[in-house]
Amino acid sequence: MTSKDVAAAAGVSRSAVSFAFNDPAKIADSTRQRILAVAKELGYTPNPVARMLQQGRTRSLGVLLPQDLPQIMENPYYSQFFVGLGQVCHREGLTLLLTPPLRNSMLKAIPYAAVDGFVVCGLEVDRGEVAELRRRGIPFVLVDSDPPEGVPSVDVDDQAGAREVVQHLLDLGHRRIAVISFDPGPDKEAYGYRGPSRGAWPASARPWPAPAWPWTTCP
């Protein structure tokens with residue numbers, strides 16, 4: 001069953017059938033309703049691949065992930081993150097394509113995702129992903145990443161958050177404050193507690209006591 005069959009049964013051109021599914025504003029509503037009714041009766045649905053080729057769009061938003069799907073799904077942060085993305089995609093009529101690394105490489109996964117744009121997550125070190133997305137002309141935004149200069153990004157303001165947390169504890173009268181954190185790896189000064197908490201302590205208070213490296217991590 002093709003659009004040609006629908007056009008013949010509805011007494012319209014193939015262009016009218018295409019407009020009925022892809023650009024309804026170009027035909028009368030009565031004509032569109034007749035075409036859709038005939039298509040339903042004949043069991044016709046547009047070929048999604050042909051539709052993408054014709055429109056030059058996939059109507060899919062890609063999420064480029066830093067880890068394999070099993071690891072991502074175990075992370076409660078991503079479950080909430082996907083809920084937010086899903087709500088926006090639902091509102092805009094888009095599908096959501098999760099794109100994990102290919103052979104441990106986010107860069108290698110990019111060419112295999114047929115999407116109109118990317119949300120790039122957790123890009124701590126740019127290994128060519130930004131240049132590849134720009135080369136392909138794919139719109140993108142980095143989230144929870146370490147963005148290069150001039151790259152659109154949405155990130156958490158760690159210092160402001162730490163400042164609010166410390167101030168809240170101080171307002172409650174606490175002075176002996178401990179920090180429990182994951183091990184940030186080799187970049188402790190930037191991503192460990194000292195990075196975000198730098199400037200968080202007001203002049204009237206100081207952390208007690210100031211621990212020295214290395215620290216103790218909990219599993």
# chains A, B, ... in the order shown; residues from 1 in each chain; ligands from 1
>>> residues_around(residues="Ser153 in chain A", least_positions_apart="3", cutoff="8 Å", atoms="only C-alpha atoms", output="PyMOL selection string")
chain A and resi 141-145+147
>>> select_by_dssp(residues="range 27-116 of chain A", states="strand (DSSP E)", output="PDB file with N, CA, C and O atoms, in the first residue's frame")
ATOM      1  N   SER A  60      13.661  13.515  16.456  1.00  0.00           N
ATOM      2  CA  SER A  60      14.214  12.797  17.599  1.00  0.00           C
ATOM      3  C   SER A  60      15.291  13.647  18.263  1.00  0.00           C
ATOM      4  O   SER A  60      16.088  14.304  17.580  1.00  0.00           O
ATOM      5  N   LEU A  61      15.306  13.613  19.578  1.00  0.00           N
ATOM      6  CA  LEU A  61      16.347  14.284  20.353  1.00  0.00           C
ATOM      7  C   LEU A  61      17.269  13.223  20.936  1.00  0.00           C
ATOM      8  O   LEU A  61      16.806  12.293  21.599  1.00  0.00           O
ATOM      9  N   GLY A  62      18.550  13.345  20.671  1.00  0.00           N
ATOM     10  CA  GLY A  62      19.510  12.378  21.181  1.00  0.00           C
ATOM     11  C   GLY A  62      20.095  12.811  22.513  1.00  0.00           C
ATOM     12  O   GLY A  62      20.317  13.997  22.752  1.00  0.00           O
ATOM     13  N   VAL A  63      20.330  11.842  23.386  1.00  0.00           N
ATOM     14  CA  VAL A  63      21.015  12.095  24.653  1.00  0.00           C
ATOM     15  C   VAL A  63      22.319  11.300  24.618  1.00  0.00           C
ATOM     16  O   VAL A  63      22.299  10.073  24.705  1.00  0.00           O
ATOM     17  N   LEU A  64      23.432  11.996  24.439  1.00  0.00           N
ATOM     18  CA  LEU A  64      24.739  11.342  24.367  1.00  0.00           C
ATOM     19  C   LEU A  64      25.236  11.107  25.787  1.00  0.00           C
ATOM     20  O   LEU A  64      25.465  12.061  26.547  1.00  0.00           O
ATOM     21  N   THR A  95      10.635  12.308  19.794  1.00  0.00           N
ATOM     22  CA  THR A  95      11.039  11.080  20.459  1.00  0.00           C
ATOM     23  C   THR A  95      12.410  11.293  21.090  1.00  0.00           C
ATOM     24  O   THR A  95      13.143  12.213  20.705  1.00  0.00           O
ATOM     25  N   LEU A  96      12.741  10.439  22.048  1.00  0.00           N
ATOM     26  CA  LEU A  96      14.003  10.567  22.785  1.00  0.00           C
ATOM     27  C   LEU A  96      14.862   9.344  22.505  1.00  0.00           C
ATOM     28  O   LEU A  96      14.421   8.215  22.717  1.00  0.00           O
ATOM     29  N   LEU A  97      16.067   9.573  22.027  1.00  0.00           N
ATOM     30  CA  LEU A  97      16.979   8.479  21.697  1.00  0.00           C
ATOM     31  C   LEU A  97      18.173   8.502  22.643  1.00  0.00           C
ATOM     32  O   LEU A  97      18.973   9.449  22.616  1.00  0.00           O
ATOM     33  N   LEU A  98      18.299   7.480  23.487  1.00  0.00           N
ATOM     34  CA  LEU A  98      19.441   7.375  24.388  1.00  0.00           C
ATOM     35  C   LEU A  98      20.624   6.788  23.630  1.00  0.00           C
ATOM     36  O   LEU A  98      20.512   5.715  23.023  1.00  0.00           O
ATOM     37  N   THR A  99      21.758   7.481  23.680  1.00  0.00           N
ATOM     38  CA  THR A  99      22.924   7.083  22.892  1.00  0.00           C
ATOM     39  C   THR A  99      24.121   6.864  23.817  1.00  0.00           C
ATOM     40  O   THR A  99      24.836   7.806  24.169  1.00  0.00           O
TER      41      THR A  99
END
>>> residues_around(residues="Pro100 in chain A", least_positions_apart="2", cutoff="9 Å", atoms="only C-alpha atoms", output="ChimeraX atom specification")
/A:63-69,72,98,102,104-106,109
>>> atom_distance(atom1="CA of Pro139 in chain A", atom2="CA of Val115 in chain A")
9.8 Å
>>> select_by_dssp(residues="range 2-212 of chain A", states="helix (DSSP H, G or I)", output="ChimeraX atom specification")
/A:3-10,14-22,24-26,29-42,48-55,69-74,76-92,106-112,129-136,158-171,188-191,194-197
>>> atom_distance(atom1="CA of Ala20 in chain A", atom2="CA of Ile35 in chain A")
6.9 Å
>>> residues_around(residues="range 5-9 of chain A", least_positions_apart="2", cutoff="8 Å", atoms="only C-alpha atoms", output="list in words")
Met1, Thr2, Ser3, Gly11, Val12, Ser13, Arg14, Ala16, Val17, Ile35, Val38, Ala39, Leu42 and Tyr44 of chain A
>>> atom_distance(atom1="CA of Pro152 in chain A", atom2="CA of Gly117 in chain A")
12.8 Å
